[in-house]
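This is my_file34.tsv. It holds TSV, C-alpha atoms.
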```
chain	number	residue	atom	x	y	z
A	1	MET	CA	63.90	71.32	186.88
A	2	LEU	CA	62.51	70.05	190.21
A	3	GLU	CA	60.56	73.25	190.87
A	4	VAL	CA	58.14	72.36	188.07
A	5	VAL	CA	57.28	69.14	189.87
A	6	ALA	CA	57.38	70.66	193.36
A	7	ALA	CA	54.65	73.22	192.59
A	8	VAL	CA	52.04	70.46	192.07
A	9	PRO	CA	51.85	68.21	195.21
A	10	GLY	CA	50.70	70.81	197.75
A	11	MET	CA	47.92	71.99	195.45
A	12	VAL	CA	46.76	68.46	194.62
A	13	GLY	CA	46.89	67.36	198.26
A	14	GLY	CA	45.09	70.49	199.45
A	15	LEU	CA	42.42	70.15	196.76
A	16	ILE	CA	41.72	66.47	197.42
A	17	ARG	CA	41.64	66.96	201.19
A	18	HIS	CA	39.35	69.98	200.74
A	19	ILE	CA	36.88	67.91	198.68
A	20	LYS	CA	36.97	65.01	201.18
A	21	SER	CA	36.43	67.43	204.06
A	22	LEU	CA	33.40	68.92	202.32
A	23	GLN	CA	32.00	65.50	201.39
A	24	GLY	CA	32.27	64.26	204.96
A	25	MET	CA	31.31	67.61	206.52
A	26	ARG	CA	34.25	67.31	208.89
A	27	HIS	CA	37.40	69.27	209.62
A	28	ASP	CA	40.52	68.17	207.78
A	29	GLY	CA	42.78	68.32	210.84
A	30	GLY	CA	44.72	71.36	209.64
A	31	TRP	CA	46.29	69.96	206.47
A	32	ILE	CA	44.55	72.01	203.77
A	33	GLY	CA	46.00	75.38	204.77
A	34	HIS	CA	49.48	73.99	205.18
A	35	LEU	CA	49.45	72.21	201.82
A	36	LEU	CA	48.13	75.29	200.00
A	37	ARG	CA	50.80	77.50	201.60
A	38	GLU	CA	53.42	74.98	200.47
A	39	ALA	CA	51.97	75.09	196.94
A	40	GLU	CA	52.13	78.90	196.95
A	41	ASN	CA	55.71	78.83	198.21
A	42	GLU	CA	56.74	76.33	195.53
A	43	ARG	CA	54.95	78.43	192.90
A	44	MET	CA	57.10	81.38	193.92
A	45	HIS	CA	60.21	79.21	193.57
A	46	LEU	CA	59.07	78.34	190.06
A	47	MET	CA	58.24	81.94	189.18
A	48	THR	CA	61.71	82.96	190.34
A	49	TRP	CA	63.47	80.27	188.29
A	50	MET	CA	61.29	80.96	185.23
A	51	GLU	CA	63.30	84.15	184.94
A	52	ILE	CA	66.13	81.83	183.93
A	53	SER	CA	64.47	78.84	182.15
A	54	LYS	CA	61.15	77.71	180.62
A	55	PRO	CA	60.01	74.51	182.42
A	56	THR	CA	56.99	72.16	181.89
A	57	GLY	CA	54.70	70.32	184.38
A	58	PHE	CA	53.10	66.98	185.43
A	59	PHE	CA	49.83	67.73	187.32
A	60	ALA	CA	47.74	64.73	186.10
A	61	VAL	CA	50.21	62.00	187.14
A	62	PHE	CA	50.64	63.35	190.64
A	63	SER	CA	46.86	63.82	191.04
A	64	LEU	CA	46.34	60.14	190.31
A	65	LEU	CA	49.08	59.12	192.75
A	66	TYR	CA	47.57	61.28	195.52
A	67	MET	CA	44.09	59.81	194.95
A	68	VAL	CA	45.45	56.25	195.05
A	69	SER	CA	47.86	56.71	197.98
A	70	PRO	CA	48.29	60.06	199.75
A	71	ARG	CA	50.90	58.49	202.05
A	72	THR	CA	53.03	57.43	199.10
A	73	ALA	CA	52.52	60.79	197.40
A	74	HIS	CA	53.81	62.65	200.48
A	75	ARG	CA	56.75	60.25	200.79
A	76	VAL	CA	57.66	60.79	197.11
A	77	VAL	CA	57.48	64.56	197.61
A	78	GLY	CA	59.74	64.23	200.67
A	79	TYR	CA	62.34	62.46	198.53
A	80	LEU	CA	61.98	64.99	195.70
A	81	GLU	CA	62.47	67.81	198.19
A	82	GLU	CA	65.60	66.11	199.54
A	83	GLU	CA	66.94	65.99	196.00
A	84	ALA	CA	66.11	69.70	195.70
A	85	VAL	CA	68.09	70.46	198.89
A	86	THR	CA	71.05	68.54	197.47
A	87	SER	CA	70.74	70.28	194.08
A	88	TYR	CA	70.60	73.74	195.67
A	89	THR	CA	73.63	72.88	197.81
A	90	HIS	CA	75.54	72.02	194.61
A	91	PHE	CA	74.19	75.22	193.02
A	92	ILE	CA	75.67	77.25	195.90
A	93	GLY	CA	78.98	75.42	195.42
A	94	GLU	CA	79.00	76.35	191.73
A	95	ILE	CA	78.33	80.01	192.58
A	96	ASP	CA	81.04	79.99	195.26
A	97	ALA	CA	83.51	78.40	192.82
A	98	GLY	CA	82.76	81.12	190.26
A	99	ARG	CA	81.34	78.71	187.67
A	100	ILE	CA	77.91	80.38	187.90
A	101	GLU	CA	77.77	84.14	187.97
A	102	ASN	CA	76.39	85.52	191.24
A	103	VAL	CA	74.07	88.00	189.54
A	104	LYS	CA	71.67	90.40	191.23
A	105	ALA	CA	68.58	88.66	192.64
A	106	PRO	CA	65.40	88.98	190.52
A	107	GLU	CA	62.89	91.50	191.89
A	108	ILE	CA	60.24	88.78	192.33
A	109	ALA	CA	62.62	86.92	194.67
A	110	VAL	CA	63.60	90.03	196.62
A	111	ALA	CA	59.91	90.85	197.17
A	112	TYR	CA	58.79	87.32	198.07
A	113	TRP	CA	61.57	86.46	200.53
A	114	ASN	CA	61.90	90.04	201.75
A	115	LEU	CA	65.57	90.03	200.76
A	116	ASP	CA	67.87	93.01	200.88
A	117	PRO	CA	67.58	94.97	197.61
A	118	GLU	CA	71.27	94.26	197.00
A	119	SER	CA	70.79	90.48	197.31
A	120	THR	CA	72.38	88.13	194.83
A	121	LEU	CA	71.55	84.82	193.21
A	122	ARG	CA	73.35	83.08	196.10
A	123	ASP	CA	70.96	84.70	198.61
A	124	VAL	CA	67.99	83.48	196.58
A	125	VAL	CA	69.35	79.95	196.42
A	126	LEU	CA	69.90	79.92	200.19
A	127	ALA	CA	66.28	81.03	200.77
A	128	VAL	CA	64.90	78.44	198.38
A	129	ARG	CA	67.05	75.67	199.86
A	130	ALA	CA	65.71	76.48	203.35
A	131	ASP	CA	62.14	76.25	202.03
A	132	GLU	CA	62.89	72.91	200.39
A	133	ALA	CA	64.32	71.48	203.61
A	134	LEU	CA	61.12	72.46	205.44
A	135	HIS	CA	58.97	70.91	202.70
A	136	ARG	CA	61.06	67.71	202.82
A	137	ASP	CA	60.59	67.34	206.57
A	138	THR	CA	56.90	68.25	206.45
A	139	ASN	CA	56.03	65.78	203.71
A	140	HIS	CA	57.85	62.91	205.44
A	141	HIS	CA	56.01	63.89	208.63
A	142	PHE	CA	52.66	63.87	206.81
A	143	SER	CA	53.40	60.43	205.34
A	144	ASP	CA	54.29	59.14	208.81
A	145	ARG	CA	51.08	60.59	210.27
A	146	ILE	CA	48.93	58.95	207.59
A	147	ARG	CA	50.60	55.60	208.28
A	148	ALA	CA	50.01	56.02	212.03
A	149	LYS	CA	46.38	57.07	211.39
A	150	ARG	CA	47.06	60.38	213.18
A	151	GLU	CA	46.04	62.79	210.45
A	152	SER	CA	44.73	65.58	212.67
A	153	LEU	CA	47.49	68.14	213.05
A	154	PHE	CA	45.59	69.54	216.03
A	155	GLU	CA	46.36	66.44	218.13
A	156	ASP	CA	49.80	67.83	218.88
A	157	MET	CA	48.66	71.33	219.84
A	158	ASP	CA	49.23	72.74	223.29
A	159	THR	CA	46.11	72.01	225.33
A	160	ASP	CA	46.82	74.55	228.08
A	161	SER	CA	43.34	75.65	229.24
A	162	ASN	CA	44.56	79.25	229.59
A	163	LYS	CA	45.19	79.45	225.86
A	164	PRO	CA	42.48	79.65	223.19
A	165	HIS	CA	41.87	76.28	221.59
A	166	ILE	CA	39.32	75.35	218.96
A	167	LYS	CA	37.88	71.84	218.91
A	168	TYR	CA	36.48	70.57	215.61
```
Can you present the structure in this file as structure tokens?
Amino acid sequence: MLEVVAAVPGMVGGLIRHIKSLQGMRHDGGWIGHLLREAENERMHLMTWMEISKPTGFFAVFSLLYMVSPRTAHRVVGYLEEEAVTSYTHFIGEIDAGRIENVKAPEIAVAYWNLDPESTLRDVVLAVRADEALHRDTNHHFSDRIRAKRESLFEDMDTDSNKPHIKY
């Protein structure tokens, strides 16, 4: 199940960038918070799907990849997330065709995505697929930024002098 894999990259990336930021006593450019939020979001995907299956993980391999080449690691995650979007699209098709029962959504999913209490499995899959599409786009964007040596996410912020802006 892709969710087992997807829960690891944001945490590894956030951890490694956090350590590098502390070692260099410099700001990370806004990546740490984003990567940790992605890890939390993927963890909730996994917790939701664990109601259905019992998956395993691969933390050590991805940690090594991220240390060797963060750009490649983000690109790989982008491709994995694209596969997740495709898989969830097929999942929705199976529900719609009646081959998978559209059961009541698990409470953990209703609480996390703030779904209607009467939500179904299909509603959960739609929410998860939307998250995966965002993660796909974000990780490809991060890989592109690393390649372009534009790692500070603050470079693209609105610099209107009437708005608060923090320089690091």
Mind checking which residues fall within 12 Å of His90 (chain A), counting all atoms listed in the file, ignoring those fewer than 3 positions away in the same chain, and posting them as a PDB file with C-alpha atoms, in the frame of the given file?
```pdb
ATOM      1  CA  GLU A  83      66.940  65.990 196.000  1.00  0.00           C
ATOM      2  CA  ALA A  84      66.110  69.700 195.700  1.00  0.00           C
ATOM      3  CA  VAL A  85      68.090  70.460 198.890  1.00  0.00           C
ATOM      4  CA  THR A  86      71.050  68.540 197.470  1.00  0.00           C
ATOM      5  CA  SER A  87      70.740  70.280 194.080  1.00  0.00           C
ATOM      6  CA  GLY A  93      78.980  75.420 195.420  1.00  0.00           C
ATOM      7  CA  GLU A  94      79.000  76.350 191.730  1.00  0.00           C
ATOM      8  CA  ILE A  95      78.330  80.010 192.580  1.00  0.00           C
ATOM      9  CA  ASP A  96      81.040  79.990 195.260  1.00  0.00           C
ATOM     10  CA  ALA A  97      83.510  78.400 192.820  1.00  0.00           C
ATOM     11  CA  ARG A  99      81.340  78.710 187.670  1.00  0.00           C
ATOM     12  CA  ILE A 100      77.910  80.380 187.900  1.00  0.00           C
ATOM     13  CA  ARG A 122      73.350  83.080 196.100  1.00  0.00           C
ATOM     14  CA  VAL A 125      69.350  79.950 196.420  1.00  0.00           C
ATOM     15  CA  LEU A 126      69.900  79.920 200.190  1.00  0.00           C
ATOM     16  CA  ARG A 129      67.050  75.670 199.860  1.00  0.00           C
TER      17      ARG A 129
END
```
Requested in this report: List the neighbours of Asp131 (chain A) out to 9 Å using all atoms listed in the file; skip same-chain residues closer than 3 positions along the sequence, and give me the result as an NGL selection string.
Outcome: :A and (38 or 41-42 or 85 or 126-128 or 134-136)
Report summary line: Pairwise distance, CA of Gly13 (chain A) with CA of Ala39 (chain A), equals 9.3 Å
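If all atoms listed in the file are the atoms counted, then among A:Gly14, A:Pro106, A:Gly98, A:Gly29 the closest residue to Arg145 (chain A) is A:Gly29.
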Report summary line: A straight line from CA of Glu81 (chain A) to CA of Tyr112 (chain A) spans 19.9 Å
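Separating CA of Trp31 (chain A) from CA of Val124 (chain A) is a distance of 27.4 Å.
Minimum atom-to-atom distance to Met67 (chain A), evaluated using all atoms listed in the file, belongs to A:Ile19 out of A:Ile19, A:Arg147, A:Leu121, A:Ala130.
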Long-range neighbours of Phe62 (chain A) as an mmCIF file with C-alpha atoms, in the frame of the given file, 9 Å cut-off, only C-alpha atoms, 5 positions minimum in chain:
```cif
data_model
loop_
_atom_site.group_PDB
_atom_site.id
_atom_site.type_symbol
_atom_site.label_atom_id
_atom_site.label_comp_id
_atom_site.auth_asym_id
_atom_site.auth_seq_id
_atom_site.Cartn_x
_atom_site.Cartn_y
_atom_site.Cartn_z
ATOM 1 C CA VAL A 5 57.280 69.140 189.870
ATOM 2 C CA VAL A 8 52.040 70.460 192.070
ATOM 3 C CA PRO A 9 51.850 68.210 195.210
ATOM 4 C CA VAL A 12 46.760 68.460 194.620
ATOM 5 C CA MET A 67 44.090 59.810 194.950
ATOM 6 C CA ALA A 73 52.520 60.790 197.400
#
```
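When all atoms listed in the file are used to measure the gap to Arg17 (chain A), the shortest distance among A:Leu153, A:Ala148, A:Met44, A:Leu35 belongs to A:Leu35.
Of the residues under consideration (A:Leu15, A:Ala109, A:Ile92, A:Ala133), A:Ala133 shows the shortest atom-to-atom contact distance to Val77 (chain A) when counting only C-alpha atoms.
When all atoms listed in the file are used to compute distances to Phe91 (chain A), the closest of the residues A:Asp123, A:Glu151, A:Asp144, A:Glu107 turns out to be A:Asp123.
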Set the distance at 10 Å and use all atoms listed in the file: which residues neighbour Ile16 (chain A) once local chain neighbours fewer than 6 positions away are removed? I'd like the list as a CSV table (one decimal) with C-alpha atoms, in the frame of the given file.
```csv
chain,number,residue,atom,x,y,z
A,10,GLY,CA,50.7,70.8,197.8
A,22,LEU,CA,33.4,68.9,202.3
A,32,ILE,CA,44.6,72.0,203.8
A,63,SER,CA,46.9,63.8,191.0
A,66,TYR,CA,47.6,61.3,195.5
A,67,MET,CA,44.1,59.8,195.0
A,70,PRO,CA,48.3,60.1,199.8
```
